[in-house]
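Next up, upload36.pdb (PDB, C-alpha atoms):
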```
MODEL        1
ATOM      1  CA  MET A   1    -120.712  -8.599 154.373
ATOM      2  CA  ASN A   2    -121.195  -5.172 152.832
ATOM      3  CA  ASP A   3    -124.079  -5.790 150.438
ATOM      4  CA  LEU A   4    -126.826  -3.194 150.190
ATOM      5  CA  VAL A   5    -129.694  -3.749 152.651
ATOM      6  CA  SER A   6    -133.087  -2.148 151.955
ATOM      7  CA  VAL A   7    -135.095  -1.152 155.034
ATOM      8  CA  ILE A   8    -138.782  -0.552 154.285
ATOM      9  CA  VAL A   9    -140.819   1.673 156.613
ATOM     10  CA  PRO A  10    -144.570   2.178 156.003
ATOM     11  CA  VAL A  11    -145.628   5.547 157.422
ATOM     12  CA  TYR A  12    -149.128   6.740 158.254
ATOM     13  CA  ASN A  13    -149.740   9.727 160.547
ATOM     14  CA  SER A  14    -146.546   9.009 162.465
ATOM     15  CA  SER A  15    -145.163  12.498 163.007
ATOM     16  CA  SER A  16    -144.858  11.882 166.761
ATOM     17  CA  TYR A  17    -142.806   8.713 166.312
ATOM     18  CA  ILE A  18    -141.012   8.762 162.982
ATOM     19  CA  LYS A  19    -137.937  10.696 164.141
ATOM     20  CA  ARG A  20    -137.043   8.006 166.683
ATOM     21  CA  CYS A  21    -137.639   5.272 164.089
ATOM     22  CA  VAL A  22    -135.639   6.885 161.263
ATOM     23  CA  ASP A  23    -132.796   8.042 163.514
ATOM     24  CA  ALA A  24    -132.385   4.484 164.797
ATOM     25  CA  ILE A  25    -132.084   3.211 161.219
ATOM     26  CA  ARG A  26    -129.741   5.980 160.077
ATOM     27  CA  SER A  27    -127.402   5.380 163.025
ATOM     28  CA  GLN A  28    -127.043   1.644 162.433
ATOM     29  CA  THR A  29    -123.517   0.279 162.735
ATOM     30  CA  TYR A  30    -124.129  -1.287 159.305
ATOM     31  CA  SER A  31    -124.167   1.730 157.020
ATOM     32  CA  ASN A  32    -124.728   0.374 153.494
ATOM     33  CA  LEU A  33    -128.470   0.937 153.636
ATOM     34  CA  GLU A  34    -131.282   1.968 151.358
ATOM     35  CA  ILE A  35    -133.961   3.433 153.640
ATOM     36  CA  ILE A  36    -137.335   3.380 151.878
ATOM     37  CA  LEU A  37    -139.951   5.519 153.630
ATOM     38  CA  VAL A  38    -143.406   4.882 152.142
ATOM     39  CA  ASP A  39    -145.941   7.538 153.038
ATOM     40  CA  ASP A  40    -149.344   5.847 152.995
ATOM     41  CA  GLY A  41    -151.449   8.969 152.513
ATOM     42  CA  SER A  42    -150.654  10.583 155.872
ATOM     43  CA  LYS A  43    -152.851  13.498 156.927
ATOM     44  CA  ASP A  44    -150.345  14.987 159.364
ATOM     45  CA  ASN A  45    -146.902  16.355 158.514
ATOM     46  CA  SER A  46    -145.211  12.943 158.265
ATOM     47  CA  LEU A  47    -144.486  13.364 154.556
ATOM     48  CA  GLU A  48    -142.839  16.751 155.076
ATOM     49  CA  MET A  49    -140.659  15.286 157.825
ATOM     50  CA  MET A  50    -139.663  12.384 155.591
ATOM     51  CA  GLU A  51    -138.682  14.726 152.782
ATOM     52  CA  GLU A  52    -136.484  16.684 155.186
ATOM     53  CA  TYR A  53    -134.743  13.465 156.235
ATOM     54  CA  ALA A  54    -134.120  12.646 152.558
ATOM     55  CA  LYS A  55    -132.371  15.997 152.124
ATOM     56  CA  GLU A  56    -130.081  15.152 155.040
ATOM     57  CA  ASP A  57    -129.305  11.553 154.071
ATOM     58  CA  SER A  58    -128.809  10.359 150.493
ATOM     59  CA  ARG A  59    -129.630   6.793 151.543
ATOM     60  CA  ILE A  60    -133.272   7.758 152.127
ATOM     61  CA  VAL A  61    -135.900   7.258 149.421
ATOM     62  CA  VAL A  62    -139.362   8.759 149.978
ATOM     63  CA  ILE A  63    -142.420   7.355 148.216
ATOM     64  CA  HIS A  64    -145.865   8.919 148.500
ATOM     65  CA  LYS A  65    -149.019   6.931 147.761
ATOM     66  CA  GLU A  66    -152.723   7.042 148.496
ATOM     67  CA  ASN A  67    -153.793   5.379 151.710
ATOM     68  CA  GLY A  68    -154.064   1.621 151.309
ATOM     69  CA  GLY A  69    -152.813   0.179 154.581
ATOM     70  CA  SER A  70    -149.438  -1.034 155.793
ATOM     71  CA  SER A  71    -149.455  -4.131 153.564
ATOM     72  CA  SER A  72    -149.958  -1.970 150.493
ATOM     73  CA  ALA A  73    -147.134   0.345 151.597
ATOM     74  CA  ARG A  74    -144.821  -2.586 152.215
ATOM     75  CA  ASN A  75    -145.563  -4.025 148.777
ATOM     76  CA  VAL A  76    -144.678  -0.698 147.163
ATOM     77  CA  GLY A  77    -141.428  -0.689 149.136
ATOM     78  CA  ILE A  78    -140.577  -4.249 148.107
ATOM     79  CA  ALA A  79    -141.062  -3.375 144.432
ATOM     80  CA  ARG A  80    -138.793  -0.327 144.818
ATOM     81  CA  ALA A  81    -136.061  -2.051 146.864
ATOM     82  CA  THR A  82    -132.698  -2.535 145.144
ATOM     83  CA  GLY A  83    -130.780  -4.115 148.032
ATOM     84  CA  LYS A  84    -129.640  -7.731 148.165
ATOM     85  CA  TYR A  85    -131.508  -8.074 151.454
ATOM     86  CA  ILE A  86    -134.755  -6.576 152.777
ATOM     87  CA  CYS A  87    -135.769  -5.579 156.294
ATOM     88  CA  PHE A  88    -138.947  -3.946 157.622
ATOM     89  CA  CYS A  89    -139.632  -1.539 160.462
ATOM     90  CA  ASP A  90    -142.916  -0.034 161.626
ATOM     91  CA  SER A  91    -142.782   3.732 161.978
ATOM     92  CA  ASP A  92    -143.823   3.763 165.642
ATOM     93  CA  ASP A  93    -141.200   1.166 166.625
ATOM     94  CA  TYR A  94    -137.400   1.282 166.454
ATOM     95  CA  TYR A  95    -134.255  -0.805 165.950
ATOM     96  CA  GLU A  96    -131.386  -1.415 168.314
ATOM     97  CA  LYS A  97    -128.296   0.272 166.864
ATOM     98  CA  ASP A  98    -126.469  -2.866 165.683
ATOM     99  CA  ILE A  99    -129.269  -5.198 164.627
ATOM    100  CA  VAL A 100    -128.812  -4.830 160.860
ATOM    101  CA  GLU A 101    -125.140  -5.674 161.275
ATOM    102  CA  LYS A 102    -125.974  -8.750 163.352
ATOM    103  CA  LEU A 103    -128.626 -10.027 160.963
ATOM    104  CA  ALA A 104    -126.251  -9.446 158.038
ATOM    105  CA  TYR A 105    -123.591 -11.418 159.910
ATOM    106  CA  VAL A 106    -125.900 -14.447 159.839
ATOM    107  CA  PHE A 107    -125.951 -14.338 156.037
ATOM    108  CA  ASP A 108    -122.200 -13.838 155.989
ATOM    109  CA  THR A 109    -121.617 -17.016 157.992
ATOM    110  CA  LYS A 110    -124.529 -19.321 157.071
ATOM    111  CA  GLU A 111    -124.557 -20.303 153.408
ATOM    112  CA  ASP A 112    -128.084 -21.744 153.474
ATOM    113  CA  ALA A 113    -129.659 -18.696 155.157
ATOM    114  CA  ILE A 114    -132.722 -17.201 153.456
ATOM    115  CA  ILE A 115    -134.255 -15.565 156.518
ATOM    116  CA  SER A 116    -132.564 -14.410 159.698
ATOM    117  CA  GLN A 117    -134.358 -12.925 162.674
ATOM    118  CA  CYS A 118    -133.674 -11.330 166.039
ATOM    119  CA  MET A 119    -135.604 -11.050 169.294
ATOM    120  CA  SER A 120    -138.023  -8.236 170.113
ATOM    121  CA  VAL A 121    -139.178  -6.577 173.319
ATOM    122  CA  CYS A 122    -142.379  -4.651 174.027
ATOM    123  CA  ARG A 123    -142.151  -1.164 175.506
ATOM    124  CA  ASN A 124    -144.634   1.347 176.837
ATOM    125  CA  GLU A 125    -144.907   4.712 175.090
ATOM    126  CA  ASP A 126    -142.354   6.180 177.526
ATOM    127  CA  GLU A 127    -139.974   3.387 176.342
ATOM    128  CA  SER A 128    -140.030   1.612 179.716
ATOM    129  CA  LEU A 129    -139.958  -2.172 179.359
ATOM    130  CA  PHE A 130    -143.342  -3.903 179.183
ATOM    131  CA  SER A 131    -142.150  -7.432 178.406
ATOM    132  CA  GLY A 132    -138.776  -8.956 177.646
ATOM    133  CA  PRO A 133    -137.580 -11.228 174.840
ATOM    134  CA  TYR A 134    -138.568 -14.870 174.521
ATOM    135  CA  LYS A 135    -134.891 -15.836 174.237
ATOM    136  CA  ASP A 136    -131.676 -13.895 174.842
ATOM    137  CA  SER A 137    -128.828 -16.427 174.658
ATOM    138  CA  GLY A 138    -126.672 -14.411 172.264
ATOM    139  CA  GLU A 139    -126.364 -17.496 170.057
ATOM    140  CA  ILE A 140    -127.272 -18.041 166.400
ATOM    141  CA  VAL A 141    -129.712 -20.940 166.269
ATOM    142  CA  ARG A 142    -130.807 -22.842 163.171
ATOM    143  CA  GLU A 143    -134.336 -24.245 163.084
ATOM    144  CA  SER A 144    -135.977 -26.294 160.371
ATOM    145  CA  SER A 145    -139.197 -24.889 158.947
ATOM    146  CA  GLU A 146    -141.088 -27.555 160.930
ATOM    147  CA  GLU A 147    -139.376 -26.628 164.200
ATOM    148  CA  TYR A 148    -140.073 -22.964 163.557
ATOM    149  CA  LEU A 149    -143.717 -23.653 162.712
ATOM    150  CA  ARG A 150    -144.096 -25.550 165.971
ATOM    151  CA  GLU A 151    -142.900 -22.472 167.855
ATOM    152  CA  LEU A 152    -145.503 -20.363 166.071
ATOM    153  CA  LEU A 153    -148.233 -22.876 166.905
ATOM    154  CA  MET A 154    -147.160 -22.863 170.549
ATOM    155  CA  HIS A 155    -147.366 -19.040 170.633
ATOM    156  CA  VAL A 156    -143.670 -18.617 171.408
ATOM    157  CA  GLY A 157    -142.318 -18.022 167.893
ATOM    158  CA  ASP A 158    -142.198 -14.625 166.199
ATOM    159  CA  SER A 159    -144.122 -14.116 162.969
ATOM    160  CA  SER A 160    -143.352 -10.391 162.630
ATOM    161  CA  PHE A 161    -141.453  -9.346 159.507
ATOM    162  CA  CYS A 162    -139.994  -6.419 161.455
ATOM    163  CA  THR A 163    -137.578  -8.708 163.288
ATOM    164  CA  LYS A 164    -136.310 -10.308 160.078
ATOM    165  CA  MET A 165    -133.828  -9.849 157.250
ATOM    166  CA  ILE A 166    -134.748 -11.685 154.064
ATOM    167  CA  LYS A 167    -132.945 -12.301 150.792
ATOM    168  CA  ALA A 168    -134.494  -9.844 148.351
ATOM    169  CA  ASP A 169    -134.741 -12.268 145.450
ATOM    170  CA  PHE A 170    -136.784 -14.539 147.740
ATOM    171  CA  MET A 171    -138.918 -11.748 149.249
ATOM    172  CA  LYS A 172    -139.786 -10.340 145.845
ATOM    173  CA  GLN A 173    -141.547 -13.603 144.950
ATOM    174  CA  PHE A 174    -144.247 -12.756 147.503
ATOM    175  CA  SER A 175    -146.496  -9.899 148.540
ATOM    176  CA  PHE A 176    -148.511  -9.017 151.611
ATOM    177  CA  ASN A 177    -152.249  -9.601 151.394
ATOM    178  CA  GLU A 178    -153.683  -6.080 151.200
ATOM    179  CA  GLY A 179    -156.834  -5.217 153.084
ATOM    180  CA  ARG A 180    -156.099  -7.825 155.757
ATOM    181  CA  LEU A 181    -154.812  -7.834 159.331
ATOM    182  CA  ASN A 182    -152.628 -10.511 160.942
ATOM    183  CA  GLU A 183    -150.998 -10.416 157.514
ATOM    184  CA  ASP A 184    -147.451 -11.127 158.749
ATOM    185  CA  PHE A 185    -148.485 -14.515 160.101
ATOM    186  CA  GLU A 186    -150.466 -15.284 156.943
ATOM    187  CA  LEU A 187    -147.566 -14.559 154.593
ATOM    188  CA  LEU A 188    -144.937 -16.221 156.748
ATOM    189  CA  VAL A 189    -146.910 -19.456 156.958
ATOM    190  CA  TYR A 190    -147.358 -19.351 153.181
ATOM    191  CA  MET A 191    -143.582 -18.893 152.815
ATOM    192  CA  LEU A 192    -142.902 -21.927 154.998
ATOM    193  CA  LYS A 193    -143.516 -24.157 152.007
ATOM    194  CA  CYS A 194    -140.584 -22.508 150.250
ATOM    195  CA  PHE A 195    -137.731 -22.435 152.784
ATOM    196  CA  GLU A 196    -136.059 -25.231 154.718
ATOM    197  CA  CYS A 197    -134.734 -23.350 157.719
ATOM    198  CA  ILE A 198    -134.633 -20.059 159.584
ATOM    199  CA  TYR A 199    -131.767 -18.622 161.626
ATOM    200  CA  THR A 200    -132.436 -16.761 164.864
ATOM    201  CA  TYR A 201    -129.801 -14.511 166.380
ATOM    202  CA  GLU A 202    -131.022 -14.649 169.967
ATOM    203  CA  VAL A 203    -130.314 -11.019 170.855
ATOM    204  CA  ILE A 204    -132.648  -8.070 171.351
ATOM    205  CA  GLY A 205    -132.873  -6.103 168.128
ATOM    206  CA  TYR A 206    -136.367  -4.696 167.776
ATOM    207  CA  ASN A 207    -138.440  -2.501 170.093
ATOM    208  CA  ILE A 208    -142.232  -2.664 169.790
ATOM    209  CA  ILE A 209    -143.993   0.395 171.177
ATOM    210  CA  LEU A 210    -147.431  -0.378 172.596
ATOM    211  CA  ARG A 211    -149.812   2.452 171.909
ATOM    212  CA  PHE A 212    -153.569   2.844 171.723
ATOM    213  CA  GLY A 213    -155.090   2.951 168.243
ATOM    214  CA  SER A 214    -152.659   0.871 166.189
ATOM    215  CA  ASN A 215    -153.986  -1.937 164.009
ATOM    216  CA  THR A 216    -153.818  -4.696 166.612
ATOM    217  CA  ARG A 217    -152.905  -3.053 169.881
ATOM    218  CA  ASN A 218    -155.469  -2.282 172.613
ATOM    219  CA  VAL A 219    -158.475  -1.764 170.366
ATOM    220  CA  TYR A 220    -161.125  -4.160 169.061
ATOM    221  CA  LYS A 221    -161.086  -4.678 165.299
ATOM    222  CA  ASN A 222    -163.378  -7.378 163.951
ATOM    223  CA  LEU A 223    -161.264  -7.742 160.788
ATOM    224  CA  PHE A 224    -158.193  -8.638 162.840
ATOM    225  CA  TYR A 225    -160.010 -11.363 164.762
ATOM    226  CA  ASP A 226    -161.698 -12.731 161.643
ATOM    227  CA  CYS A 227    -158.313 -12.935 159.905
ATOM    228  CA  MET A 228    -156.855 -14.577 162.998
ATOM    229  CA  ILE A 229    -159.416 -17.397 162.801
ATOM    230  CA  GLU A 230    -158.993 -17.808 159.045
ATOM    231  CA  ASN A 231    -155.217 -17.973 159.416
ATOM    232  CA  SER A 232    -155.467 -20.620 162.130
ATOM    233  CA  ASP A 233    -157.525 -22.751 159.736
ATOM    234  CA  MET A 234    -155.049 -22.109 156.938
ATOM    235  CA  VAL A 235    -152.101 -23.244 159.047
ATOM    236  CA  TYR A 236    -153.993 -26.373 160.143
ATOM    237  CA  GLU A 237    -154.465 -27.290 156.482
ATOM    238  CA  LEU A 238    -150.732 -26.771 155.900
ATOM    239  CA  VAL A 239    -149.944 -29.038 158.834
ATOM    240  CA  GLU A 240    -152.213 -31.762 157.483
ATOM    241  CA  GLU A 241    -150.496 -31.472 154.105
ATOM    242  CA  LYS A 242    -146.834 -31.128 155.053
ATOM    243  CA  TYR A 243    -146.271 -31.458 158.827
ATOM    244  CA  PRO A 244    -148.646 -34.177 160.132
ATOM    245  CA  ASN A 245    -146.575 -34.594 163.308
ATOM    246  CA  LEU A 246    -147.791 -31.159 164.387
ATOM    247  CA  LYS A 247    -151.546 -31.812 164.205
ATOM    248  CA  THR A 248    -152.009 -31.720 167.994
ATOM    249  CA  GLU A 249    -150.134 -28.406 168.202
ATOM    250  CA  ALA A 250    -152.129 -27.039 165.259
ATOM    251  CA  ARG A 251    -155.433 -27.920 166.946
ATOM    252  CA  LYS A 252    -154.214 -26.275 170.138
ATOM    253  CA  PHE A 253    -153.427 -23.175 168.071
ATOM    254  CA  GLN A 254    -156.926 -23.161 166.575
ATOM    255  CA  LEU A 255    -158.469 -23.485 170.032
ATOM    256  CA  TYR A 256    -156.416 -20.651 171.501
ATOM    257  CA  GLN A 257    -157.283 -18.390 168.574
ATOM    258  CA  ARG A 258    -160.972 -19.165 169.098
ATOM    259  CA  LEU A 259    -160.667 -18.460 172.800
ATOM    260  CA  ASP A 260    -159.035 -15.130 171.991
ATOM    261  CA  TYR A 261    -161.759 -14.406 169.449
ATOM    262  CA  THR A 262    -164.666 -15.095 171.800
ATOM    263  CA  LEU A 263    -163.165 -13.254 174.768
ATOM    264  CA  HIS A 264    -162.369 -10.122 172.746
ATOM    265  CA  THR A 265    -165.425  -9.926 170.508
ATOM    266  CA  PRO A 266    -168.156  -7.866 172.230
ATOM    267  CA  LEU A 267    -171.502  -9.594 172.690
ATOM    268  CA  SER A 268    -173.122  -6.900 170.552
ATOM    269  CA  LYS A 269    -170.800  -7.872 167.667
ATOM    270  CA  MET A 270    -171.542 -11.612 167.916
ATOM    271  CA  LYS A 271    -175.200 -11.355 166.897
ATOM    272  CA  ASP A 272    -175.841 -12.140 163.202
ATOM    273  CA  ASN A 273    -172.118 -12.749 162.820
ATOM    274  CA  LYS A 274    -171.154 -15.655 160.541
ATOM    275  CA  MET A 275    -167.646 -15.919 161.964
ATOM    276  CA  ALA A 276    -168.935 -15.948 165.545
ATOM    277  CA  ASP A 277    -171.476 -18.651 164.627
ATOM    278  CA  LYS A 278    -168.718 -20.722 163.036
ATOM    279  CA  VAL A 279    -166.425 -20.379 166.056
ATOM    280  CA  LEU A 280    -169.081 -21.291 168.613
ATOM    281  CA  LYS A 281    -170.207 -24.268 166.543
ATOM    282  CA  GLU A 282    -166.623 -25.524 166.283
ATOM    283  CA  LEU A 283    -166.096 -25.242 170.027
ATOM    284  CA  LYS A 284    -169.037 -27.594 170.501
ATOM    285  CA  VAL A 285    -167.733 -30.044 167.899
ATOM    286  CA  TRP A 286    -164.203 -29.929 169.349
ATOM    287  CA  ARG A 287    -165.139 -30.580 172.999
ATOM    288  CA  LYS A 288    -163.159 -33.821 172.977
ATOM    289  CA  ASP A 289    -160.085 -31.967 171.675
ATOM    290  CA  ILE A 290    -160.552 -29.323 174.362
ATOM    291  CA  LYS A 291    -160.602 -31.972 177.086
ATOM    292  CA  THR A 292    -157.683 -34.039 175.771
ATOM    293  CA  ASN A 293    -155.242 -31.634 174.078
ATOM    294  CA  PRO A 294    -152.064 -31.772 176.237
ATOM    295  CA  TYR A 295    -150.925 -28.262 175.330
ATOM    296  CA  LEU A 296    -153.894 -26.353 176.756
ATOM    297  CA  ALA A 297    -153.363 -24.624 180.080
ATOM    298  CA  LYS A 298    -155.809 -25.665 182.798
ATOM    299  CA  LYS A 299    -157.472 -22.243 182.954
ATOM    300  CA  ASP A 300    -157.861 -22.012 179.179
ATOM    301  CA  ARG A 301    -159.233 -25.554 178.973
ATOM    302  CA  ARG A 302    -161.859 -24.618 181.556
ATOM    303  CA  ASN A 303    -162.785 -21.413 179.736
ATOM    304  CA  LEU A 304    -163.085 -23.212 176.406
ATOM    305  CA  ILE A 305    -165.340 -25.885 177.899
ATOM    306  CA  ILE A 306    -167.606 -23.261 179.463
ATOM    307  CA  LEU A 307    -167.698 -21.325 176.189
ATOM    308  CA  SER A 308    -168.671 -24.466 174.300
ATOM    309  CA  TYR A 309    -171.727 -24.944 176.546
ATOM    310  CA  ALA A 310    -172.756 -21.417 177.566
ATOM    311  CA  PRO A 311    -170.981 -18.768 175.472
ATOM    312  CA  LYS A 312    -173.174 -15.804 176.457
ATOM    313  CA  LEU A 313    -172.971 -16.537 180.181
ATOM    314  CA  SER A 314    -169.220 -17.061 179.904
ATOM    315  CA  LYS A 315    -168.819 -13.756 178.070
ATOM    316  CA  ARG A 316    -170.831 -11.869 180.712
ATOM    317  CA  ILE A 317    -168.767 -13.369 183.525
ATOM    318  CA  HIS A 318    -165.556 -12.478 181.687
ATOM    319  CA  ASN A 319    -166.766  -8.886 181.197
ATOM    320  CA  VAL A 320    -167.530  -8.544 184.908
ATOM    321  CA  ILE A 321    -164.058  -9.825 185.807
ATOM    322  CA  MET A 322    -162.428  -7.373 183.387
ATOM    323  CA  ARG A 323    -164.403  -4.440 184.800
ATOM    324  CA  CYS A 324    -163.436  -5.452 188.347
ATOM    325  CA  LYS A 325    -159.817  -5.220 187.196
ATOM    326  CA  GLY A 326    -160.484  -1.722 185.872
ATOM    327  CA  ILE A 327    -160.313  -2.781 182.221
ATOM    328  CA  LYS A 328    -162.883  -1.166 179.943
ATOM    329  CA  VAL A 329    -164.935  -3.722 178.007
ATOM    330  CA  GLU A 330    -167.122  -3.015 175.003
ATOM    331  CA  LYS A 331    -170.605  -4.456 175.426
TER     332      LYS A 331
ENDMDL
END
```
Could you take the file, read its structure, and then write that structure out as structure tokens?
Amino acid sequence: MNDLVSVIVPVYNSSSYIKRCVDAIRSQTYSNLEIILVDDGSKDNSLEMMEEYAKEDSRIVVIHKENGGSSSARNVGIARATGKYICFCDSDDYYEKDIVEKLAYVFDTKEDAIISQCMSVCRNEDESLFSGPYKDSGEIVRESSEEYLRELLMHVGDSSFCTKMIKADFMKQFSFNEGRLNEDFELLVYMLKCFECIYTYEVIGYNIILRFGSNTRNVYKNLFYDCMIENSDMVYELVEEKYPNLKTEARKFQLYQRLDYTLHTPLSKMKDNKMADKVLKELKVWRKDIKTNPYLAKKDRRNLIILSYAPKLSKRIHNVIMRCKGIKVEK
């Protein structure tokens, strides 16, 4: 395959990282690329750096816009893209050198492919490995939309758009929900209604850099956790409508998201909080599900039961444990 592939990179105050990201895209073994760098109102010299890259490489397109968040920047990039296929990359992360070629190969060999994806790894800021890939067989695996959804519900699937290549005429039918977090999961679940399968090339292709201060990494953001709960309810409704065989997995997913919500939301943020009230009420109503759901780990089942009876005490105990481990906890 030698069709044009558009790679969309939202950029906001990324001057310390963007060179690594852009160089990894420019040096791909698949060269027929349109590299769309969308400056989302950066206040550092990211835009100037991007414009210099554009002078060096005719494949690079630079777009400047007012700050509106990564979803807004991605949507601008999607509208501008002229390639037959679309990929995404976050400006603080980077590709492996041959991943575009490998994802394109899936489309070249699988006639029914609409989305192909690779595996990702998480790295520390010094690029040392933090966690490895979920799978690394080297095989191309086809999953139905139901099989793929089950992986997402079991917290082993990958909902990130940065690991995926998507047919442009399909991608352009959708847009990311601006002003939201956890937006990749939200859009991907919405897309599930519209595709029958997904192909996974089980090789490492995307490197996620863990750094303090990004949207969802190492910092409490109430919007992220609120969206996480809302998305878990949305996917449960989808399961009821289209995938009833996955109702037990979908309830497990809701419970885990609520456990994550309660453990990460500071006590000071739970007072007069409608979402917190909703979550704690549901944990009480779902006590039977907590006790009987076969997919809950023993430790998480115990924590959920305690939270359903004594949320404040459970939170205080959890905070003490975190502090004993040297982890800073917001009160």
Worksheet entry | Evaluate the PyMOL selection byres ((chain A and resi 28) around 8) and report residues as an MDAnalysis selection string | chainID A and resid 24:27 29:31 96:101
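For the point (-168.7, -20.8, 185.5), the residues with at least one atom inside 9 Å, counting all atoms listed in the file, are Arg302, Asn303, Ile306, Ala310, Leu313, Ser314 and Ile317 of chain A.
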Worksheet item: Written as a count of residues only, what is the full residue list that the PyMOL selection byres ((chain A and resi 199-213) around 7) yields on the file shown?
Response: 36
Practice prompt. Any chance you could resolve the PyMOL selection byres ((chain A and resi 170-183) around 10) against this file and give the residues as a ChimeraX atom specification?
Written response: /A:68-76,78-79,81,84-87,114-115,159-161,165-169,184-191,194-195,215-216,221-231
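The space separating atom CA of Trp286 of chain A from atom CA of Tyr236 of chain A comes to 14.2 Å.
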Item to complete: Can you work out which one of A:Arg251, A:Lys271, A:Lys19, A:Lys242 has the shortest atom-to-atom distance to Ser46 of chain A, counting all atoms listed in the file?
Response: A:Lys19
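The gap separating atom CA of Thr82 of chain A from atom CA of Ser6 of chain A is 6.8 Å, in Å to one decimal.
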